[in-house]
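Heads up, upload_25.txt below (compact mmCIF, C-alpha atoms):
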# COMPACT_ATOMS: atom_id res chain seq x y z
CA MET A 4 180.50 134.63 69.19
CA LYS A 5 177.51 132.32 68.99
CA LEU A 6 178.09 130.19 65.92
CA SER A 7 174.63 128.65 66.12
CA SER A 8 172.95 132.04 65.74
CA PRO A 9 171.82 132.71 62.16
CA SER A 10 172.02 136.46 62.69
CA GLU A 11 175.59 136.31 64.03
CA ILE A 12 176.67 133.96 61.27
CA LYS A 13 175.17 136.21 58.61
CA ALA A 14 176.90 139.24 60.14
CA LEU A 15 180.21 137.38 60.23
CA LEU A 16 179.89 136.30 56.60
CA GLN A 17 178.80 139.74 55.48
CA LYS A 18 181.74 141.36 57.25
CA ASN A 19 184.08 139.11 55.30
CA GLY A 20 182.24 139.51 51.99
CA PHE A 21 181.39 135.82 51.86
CA ASN A 22 178.70 134.35 49.62
CA PHE A 23 177.69 130.69 49.68
CA SER A 24 178.99 128.53 46.83
CA LYS A 25 176.51 126.05 45.36
CA ALA A 26 179.39 124.44 43.46
CA LEU A 27 181.09 123.56 46.76
CA GLY A 28 177.86 122.38 48.36
CA GLN A 29 178.16 124.84 51.24
CA ASN A 30 175.53 124.54 53.97
CA PHE A 31 176.69 125.57 57.44
CA LEU A 32 175.29 123.94 60.57
CA ILE A 33 173.37 126.24 62.90
CA ASN A 34 171.53 123.70 65.11
CA PRO A 35 173.36 124.02 68.47
CA SER A 36 172.74 120.40 69.48
CA VAL A 37 174.18 118.67 66.42
CA CYS A 38 177.90 119.46 66.56
CA PRO A 39 178.38 118.53 70.25
CA ARG A 40 176.67 115.18 69.62
CA MET A 41 178.78 114.60 66.54
CA ALA A 42 182.03 115.45 68.33
CA GLU A 43 181.14 113.18 71.25
CA ALA A 44 180.40 110.32 68.85
CA ALA A 45 183.67 110.80 66.99
CA ILE A 46 186.21 111.26 69.80
CA PRO A 47 186.80 108.43 72.29
CA GLY A 48 188.94 110.53 74.64
CA PRO A 49 190.94 113.77 75.13
CA GLU A 50 194.19 112.15 73.99
CA TYR A 51 192.90 111.82 70.43
CA GLY A 52 193.77 113.85 67.38
CA VAL A 53 191.13 114.72 64.76
CA ILE A 54 191.24 115.46 61.06
CA GLU A 55 188.19 117.47 60.03
CA VAL A 56 187.21 117.72 56.38
CA GLY A 57 185.60 120.99 55.32
CA PRO A 58 185.26 123.02 58.55
CA GLY A 59 183.13 125.75 56.98
CA ILE A 60 183.06 128.56 59.52
CA GLY A 61 184.26 126.30 62.33
CA VAL A 62 181.07 125.33 64.18
CA LEU A 63 182.03 121.65 64.39
CA THR A 64 185.73 122.49 64.64
CA VAL A 65 185.15 124.30 67.93
CA GLU A 66 183.35 121.29 69.43
CA LEU A 67 186.11 118.96 68.26
CA ALA A 68 188.80 121.25 69.71
CA ARG A 69 187.03 121.26 73.09
CA ARG A 70 187.32 117.47 73.26
CA ALA A 71 190.49 116.51 71.40
CA GLN A 72 194.20 117.03 71.88
CA LYS A 73 194.62 118.46 68.40
CA VAL A 74 192.41 119.24 65.38
CA ILE A 75 193.62 119.71 61.82
CA ALA A 76 190.85 121.08 59.59
CA ILE A 77 191.35 120.73 55.82
CA GLU A 78 189.56 123.49 53.91
CA LEU A 79 189.47 124.09 50.16
CA ASP A 80 187.72 127.49 50.06
CA GLU A 81 190.30 130.21 50.72
CA ARG A 82 187.51 132.72 51.35
CA LEU A 83 186.87 130.96 54.68
CA TYR A 84 190.42 131.30 56.03
CA PRO A 85 190.00 134.76 57.61
CA ILE A 86 186.65 133.68 59.06
CA LEU A 87 188.22 130.58 60.60
CA ASP A 88 191.06 132.70 62.00
CA GLU A 89 188.39 134.59 63.92
CA THR A 90 186.14 131.73 65.01
CA LEU A 91 189.04 129.50 66.11
CA ALA A 92 191.05 132.25 67.80
CA ASP A 93 190.37 130.80 71.27
CA TYR A 94 191.42 127.28 70.30
CA PRO A 95 195.20 127.03 69.80
CA ASN A 96 194.91 123.25 69.35
CA ALA A 97 192.89 123.73 66.14
CA HIS A 98 194.70 124.52 62.88
CA VAL A 99 193.46 125.01 59.33
CA VAL A 100 195.34 123.36 56.47
CA PRO A 101 194.52 124.65 52.96
CA GLY A 102 193.79 121.97 50.41
CA ASP A 103 191.43 119.62 48.63
CA ILE A 104 190.85 116.46 50.68
CA LEU A 105 190.88 114.40 47.48
CA GLU A 106 194.42 115.58 46.74
CA VAL A 107 196.02 115.98 50.18
CA ASP A 108 198.75 113.48 51.12
CA LEU A 109 197.17 112.32 54.36
CA HIS A 110 199.99 109.99 55.36
CA LYS A 111 202.42 112.91 55.23
CA LEU A 112 199.99 115.21 57.05
CA ILE A 113 199.46 112.68 59.84
CA ALA A 114 203.18 112.06 60.27
CA GLU A 115 203.88 115.80 60.49
CA GLU A 116 200.97 116.86 62.69
CA PHE A 117 199.95 114.08 65.07
CA ASP A 118 203.14 112.49 66.42
CA GLY A 119 201.68 109.02 66.89
CA MET A 120 198.57 110.05 68.84
CA PRO A 121 195.37 108.01 68.25
CA LEU A 122 193.38 109.52 65.44
CA VAL A 123 189.83 109.87 64.10
CA ILE A 124 188.27 111.76 61.19
CA CYS A 125 185.12 113.87 61.39
CA ALA A 126 183.31 115.77 58.65
CA ASN A 127 180.11 117.37 57.47
CA LEU A 128 180.53 116.27 53.86
CA PRO A 129 179.11 118.07 50.83
CA TYR A 130 176.61 115.73 49.20
CA TYR A 131 178.24 115.83 45.78
CA ILE A 132 181.54 114.27 46.93
CA THR A 133 180.37 112.00 49.75
CA SER A 134 181.36 108.65 48.25
CA PRO A 135 184.74 109.70 46.74
CA VAL A 136 185.87 111.28 50.02
CA ILE A 137 184.76 108.36 52.17
CA MET A 138 186.41 105.83 49.88
CA LYS A 139 189.68 107.80 49.87
CA LEU A 140 189.69 107.95 53.65
CA LEU A 141 188.93 104.25 54.05
CA SER A 142 191.12 102.81 51.31
CA GLU A 143 194.43 104.58 51.99
CA ASP A 144 195.28 102.45 55.04
CA LEU A 145 195.41 105.46 57.33
CA PRO A 146 196.08 105.01 61.08
CA ILE A 147 192.56 106.07 62.06
CA GLU A 148 190.03 104.36 64.33
CA ASN A 149 186.81 105.75 62.98
CA LEU A 150 185.28 108.10 60.46
CA THR A 151 182.24 110.03 61.72
CA VAL A 152 180.48 111.97 58.97
CA MET A 153 177.24 113.75 58.22
CA VAL A 154 175.78 112.78 54.86
CA GLN A 155 172.49 113.00 53.01
CA LYS A 156 169.88 110.76 54.66
CA GLU A 157 169.42 108.72 51.50
CA ALA A 158 173.18 108.19 51.27
CA ALA A 159 173.34 107.14 54.93
CA ASP A 160 170.71 104.47 54.32
CA ARG A 161 172.69 103.11 51.38
CA LEU A 162 176.13 103.32 52.99
CA CYS A 163 174.98 101.55 56.14
CA ALA A 164 172.69 98.96 54.54
CA ASP A 165 173.35 95.26 55.10
CA VAL A 166 175.15 93.60 52.20
CA GLY A 167 172.76 91.04 50.76
CA THR A 168 169.70 93.28 50.87
CA ARG A 169 167.99 95.35 48.18
CA ALA A 170 169.05 98.57 49.91
CA ALA A 171 172.72 97.80 49.30
CA GLY A 172 174.80 98.96 46.36
CA ALA A 173 178.39 98.73 45.20
CA VAL A 174 179.47 101.47 47.61
CA THR A 175 177.85 99.53 50.48
CA VAL A 176 180.09 96.57 49.74
CA ALA A 177 183.16 98.81 49.55
CA ILE A 178 182.29 100.44 52.87
CA ARG A 179 181.73 97.10 54.60
CA TYR A 180 184.99 95.73 53.24
CA TYR A 181 186.88 98.36 55.22
CA ALA A 182 184.63 99.20 58.16
CA GLU A 183 181.63 98.50 60.35
CA ALA A 184 178.93 101.08 59.60
CA GLU A 185 176.26 102.45 61.93
CA GLN A 186 173.67 105.19 61.67
CA LEU A 187 173.81 107.47 64.71
CA PHE A 188 171.22 110.24 64.48
CA PHE A 189 168.99 112.18 62.12
CA VAL A 190 169.62 115.87 61.25
CA SER A 191 166.81 117.88 59.66
CA LYS A 192 167.43 120.22 56.74
CA GLY A 193 166.40 123.12 58.98
CA SER A 194 169.63 122.62 60.94
CA PHE A 195 171.62 124.33 58.16
CA LEU A 196 172.15 127.78 56.70
CA PRO A 197 171.12 127.92 53.94
CA ALA A 198 168.74 125.00 54.33
CA PRO A 199 169.32 122.23 51.78
CA LYS A 200 166.44 120.41 50.10
CA VAL A 201 167.06 117.12 51.90
CA ASP A 202 167.61 115.84 55.44
CA SER A 203 170.89 114.43 56.70
CA GLU A 204 172.17 111.78 59.07
CA VAL A 205 175.35 111.26 61.05
CA ILE A 206 177.01 107.89 60.55
CA ARG A 207 180.11 106.32 62.08
CA LEU A 208 182.43 103.96 60.20
CA THR A 209 184.70 102.03 62.54
CA LEU A 210 187.66 100.63 60.64
CA ARG A 211 188.29 96.91 60.75
CA GLN A 212 191.53 95.92 62.43
CA ASP A 213 191.90 92.57 60.61
CA ALA A 214 194.12 94.00 57.88
CA GLU A 215 195.97 90.71 57.50
CA ASP A 216 192.79 89.15 56.10
CA ARG A 217 192.37 91.74 53.38
CA LEU A 218 192.99 91.27 49.71
CA SER A 219 196.06 92.83 48.16
CA PRO A 220 195.43 96.31 46.72
CA GLU A 221 195.40 94.84 43.21
CA ASP A 222 192.96 92.10 44.18
CA ALA A 223 190.77 94.56 46.07
CA ASP A 224 190.55 96.69 42.92
CA ARG A 225 189.52 93.66 40.84
CA PHE A 226 187.05 92.58 43.52
CA PHE A 227 185.36 95.99 43.53
CA LYS A 228 185.19 95.93 39.72
CA MET A 229 183.40 92.59 39.93
CA VAL A 230 180.98 94.02 42.48
CA GLN A 231 180.42 97.15 40.40
CA ALA A 232 179.67 95.01 37.35
CA GLY A 233 177.11 93.08 39.34
CA PHE A 234 175.31 96.15 40.66
CA SER A 235 175.36 97.86 37.27
CA GLN A 236 173.20 94.94 36.08
CA ARG A 237 171.51 94.11 39.36
CA ARG A 238 168.39 92.69 37.70
CA LYS A 239 170.47 90.06 35.96
CA THR A 240 171.81 86.91 37.61
CA ILE A 241 175.46 86.90 38.61
CA MET A 242 175.98 84.28 35.89
CA ASN A 243 175.45 87.12 33.42
CA SER A 244 176.92 90.08 35.28
CA PHE A 245 180.08 88.43 36.68
CA SER A 246 181.30 86.50 33.65
CA ALA A 247 182.85 89.44 31.81
CA ALA A 248 184.23 91.05 34.98
CA LEU A 249 185.96 87.82 35.97
CA GLY A 250 187.01 86.92 32.43
CA MET A 251 185.23 83.58 32.58
CA ASN A 252 182.81 81.82 30.28
CA LYS A 253 179.44 80.94 31.77
CA ALA A 254 180.11 77.22 31.95
CA ASP A 255 183.22 77.74 34.09
CA LEU A 256 181.49 80.38 36.17
CA GLY A 257 178.59 78.03 36.82
CA GLU A 258 180.96 75.37 38.10
CA LEU A 259 182.71 77.96 40.26
CA LEU A 260 179.39 79.02 41.82
CA ASP A 261 178.54 75.40 42.49
CA SER A 262 181.88 74.96 44.28
CA VAL A 263 181.11 77.77 46.75
CA ASP A 264 177.45 76.76 47.23
CA ILE A 265 175.95 79.82 45.55
CA PRO A 266 172.93 79.29 43.27
CA ARG A 267 173.52 80.06 39.61
CA THR A 268 170.23 81.99 39.63
CA ALA A 269 171.34 84.37 42.41
CA ARG A 270 171.42 88.13 41.87
CA ILE A 271 174.11 90.24 43.44
CA GLU A 272 171.75 91.88 45.93
CA GLN A 273 171.16 88.42 47.44
CA LEU A 274 174.82 87.74 48.24
CA THR A 275 176.43 88.46 51.58
CA MET A 276 179.87 90.00 51.94
CA ASP A 277 181.41 86.59 52.63
CA GLN A 278 179.75 85.09 49.55
CA LEU A 279 181.01 87.86 47.30
CA LEU A 280 184.54 87.36 48.59
CA ASP A 281 184.19 83.59 48.17
CA VAL A 282 183.30 84.05 44.50
CA TYR A 283 186.24 86.35 43.85
CA LYS A 284 188.75 84.17 45.70
CA ALA A 285 187.54 81.05 43.90
CA ALA A 286 187.82 82.82 40.54
CA LYS A 287 191.32 83.95 41.40
CA GLY A 288 192.19 80.33 42.10
What does this structure look like when you write it as structure tokens?
Amino acid sequence: MKLSSPSEIKALLQKNGFNFSKALGQNFLINPSVCPRMAEAAIPGPEYGVIEVGPGIGVLTVELARRAQKVIAIELDERLYPILDETLADYPNAHVVPGDILEVDLHKLIAEEFDGMPLVICANLPYYITSPVIMKLLSEDLPIENLTVMVQKEAADRLCADVGTRAAGAVTVAIRYYAEAEQLFFVSKGSFLPAPKVDSEVIRLTLRQDAEDRLSPEDADRFFKMVQAGFSQRRKTIMNSFSAALGMNKADLGELLDSVDIPRTARIEQLTMDQLLDVYKAAKG
């Protein structure tokens, strides 16, 4: 079966009585060059295991299974299970696990399925849940090396922006706290069935290994709340946007900023990752 052929895909879906769900953001890849490139970018070697999020009809799953020791594909839509049984029939190292990625216990899944093998995550993410899924995968301290995902082009630009530039947002800071981000390649909207209204891009997030330098989970949560407060009022100076989030009056906050060599007139989009952490750590005392 040629999973990059629109006619064969349509016949397969029709045979199984499948209709696309707008609510689930379903757009299946049909460009034959995209999934091999994505799988190559995600998997460092054949000894690796892969967790795939949202396999759809299995186009990317097949490419992952050709390159990895084992693939576990987490799929929410039960209507796709019989289709995946057919498209993955020749790949005994690929298995579908029913579930919602936002609710699955990934630590338990990894312990049961991967037996200590090195691990990566790969996904063509629906646009409407891009940030929640990525943040879950990055923040749960999973034993993964990288997260290679296809997202809306606009989201890719924001997720991979440099902290301290106007293109950055609160999610950019959160991403960079956990990982190094890079944009890999562009994917046009014509690469999908049905075609979405926007183009996409594949990005790779390589997790930082310096876990000992991280904030505690409680402090990380407070740090992100400070960052979110700043970006929710990004036109204001951090003197205004940070004071409530840090529980400080402006006089004390001004002295704190002076102590870490950050101008009182600075806006959050002008601060680097190190400067943001310096402010939080100084406020924590």
Select, from A:Gln212, A:Ser219, A:Gln273, A:Gln155, the residue with the minimum atom-to-atom distance to Arg238 of chain A, counting all atoms listed in the file.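 Answer, going by the shortest atom-to-atom distance: A:Gln273.
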Taking (180.4, 126.0, 65.0) in the file's own coordinates, collect the residues within 10 Å, counting only C-alpha atoms, and hand them back as an MDAnalysis selection string. chainID A and resid 4:8 12 31:35 37:39 58:67 90:91
Residues near Val56 of chain A, anyone? I mean within 10 Å using all atoms listed in the file, not counting same-chain ones fewer than 5 positions away, as a ChimeraX atom specification. /A:64,75-79,100,102-104,124-129,136,152
Counting only C-alpha atoms, which residue out of A:Ile54, A:Val201, A:Ile271, A:Leu105 sits closest to Val230 of chain A?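 The closest residue to Val230 of chain A is A:Ile271.
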Do you have the atom CA of Leu150 of chain A-atom CA of Ala223 of chain A distance handy? 20.5 Å
Would you mind listing what lies within 9 Å of Ser262 of chain A as number ranges by chain, with only C-alpha atoms counted and same-chain residues fewer than 4 positions away left out? A: 257-258, 285
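What separates atom CA of Asp160 of chain A from atom CA of Gly193 of chain A is a distance of 19.7 Å.
Taking all atoms listed in the file into account, Ala248 of chain A lies nearest to A:Ala286 out of the set A:Thr268, A:Asn19, A:Leu109, A:Ala286.
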Neighbours of point (177.0, 95.4, 37.5) within 10 Å, using all atoms listed in the file, written as a ChimeraX atom specification: /A:172-173,228-241,243-245,248,271
Do you know which residues are at most 10 Å from Asp88 of chain A counting all atoms listed in the file, after dropping those on the same chain fewer than 5 positions away, and could you put them as a PyMOL selection string? chain A and resi 60-61+83+93-94+98-99
Option closest in space to Ala269 of chain A, from A:Glu81, A:Asp213, A:Leu249, A:Gly167 [counting only C-alpha atoms]: A:Gly167
Quick test: take segment 93-104 of chain A, keep N, CA and C atoms, and write it as a short mmCIF file (atom, residue, chain, number, x, y, z; two decimals), in the first residue's frame.
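After the write, result_10.cif holds the following:
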data_model
loop_
_atom_site.label_atom_id
_atom_site.label_comp_id
_atom_site.auth_asym_id
_atom_site.auth_seq_id
_atom_site.Cartn_x
_atom_site.Cartn_y
_atom_site.Cartn_z
N ASP A 93 3.03 -5.06 8.48
CA ASP A 93 4.37 -5.56 8.14
C ASP A 93 5.46 -5.08 9.10
N TYR A 94 5.05 -4.41 10.18
CA TYR A 94 6.04 -3.84 11.10
C TYR A 94 5.74 -4.30 12.53
N PRO A 95 6.21 -5.48 12.90
CA PRO A 95 5.93 -6.03 14.23
C PRO A 95 6.57 -5.23 15.37
N ASN A 96 7.49 -4.35 15.04
CA ASN A 96 8.12 -3.52 16.08
C ASN A 96 7.35 -2.23 16.34
N ALA A 97 6.21 -2.06 15.67
CA ALA A 97 5.37 -0.87 15.88
C ALA A 97 4.05 -1.29 16.52
N HIS A 98 3.69 -0.64 17.61
CA HIS A 98 2.47 -0.98 18.34
C HIS A 98 1.67 0.28 18.64
N VAL A 99 0.37 0.17 18.58
CA VAL A 99 -0.52 1.29 18.86
C VAL A 99 -1.05 1.17 20.28
N VAL A 100 -0.95 2.25 21.03
CA VAL A 100 -1.49 2.31 22.39
C VAL A 100 -2.63 3.32 22.40
N PRO A 101 -3.85 2.89 22.73
CA PRO A 101 -4.97 3.83 22.80
C PRO A 101 -4.77 4.83 23.94
N GLY A 102 -5.15 6.08 23.69
CA GLY A 102 -5.09 7.04 24.77
C GLY A 102 -4.90 8.46 24.30
N ASP A 103 -5.09 9.38 25.23
CA ASP A 103 -4.89 10.81 25.03
C ASP A 103 -3.52 11.16 25.59
N ILE A 104 -2.63 11.69 24.76
CA ILE A 104 -1.27 11.98 25.19
C ILE A 104 -1.24 12.88 26.42
#
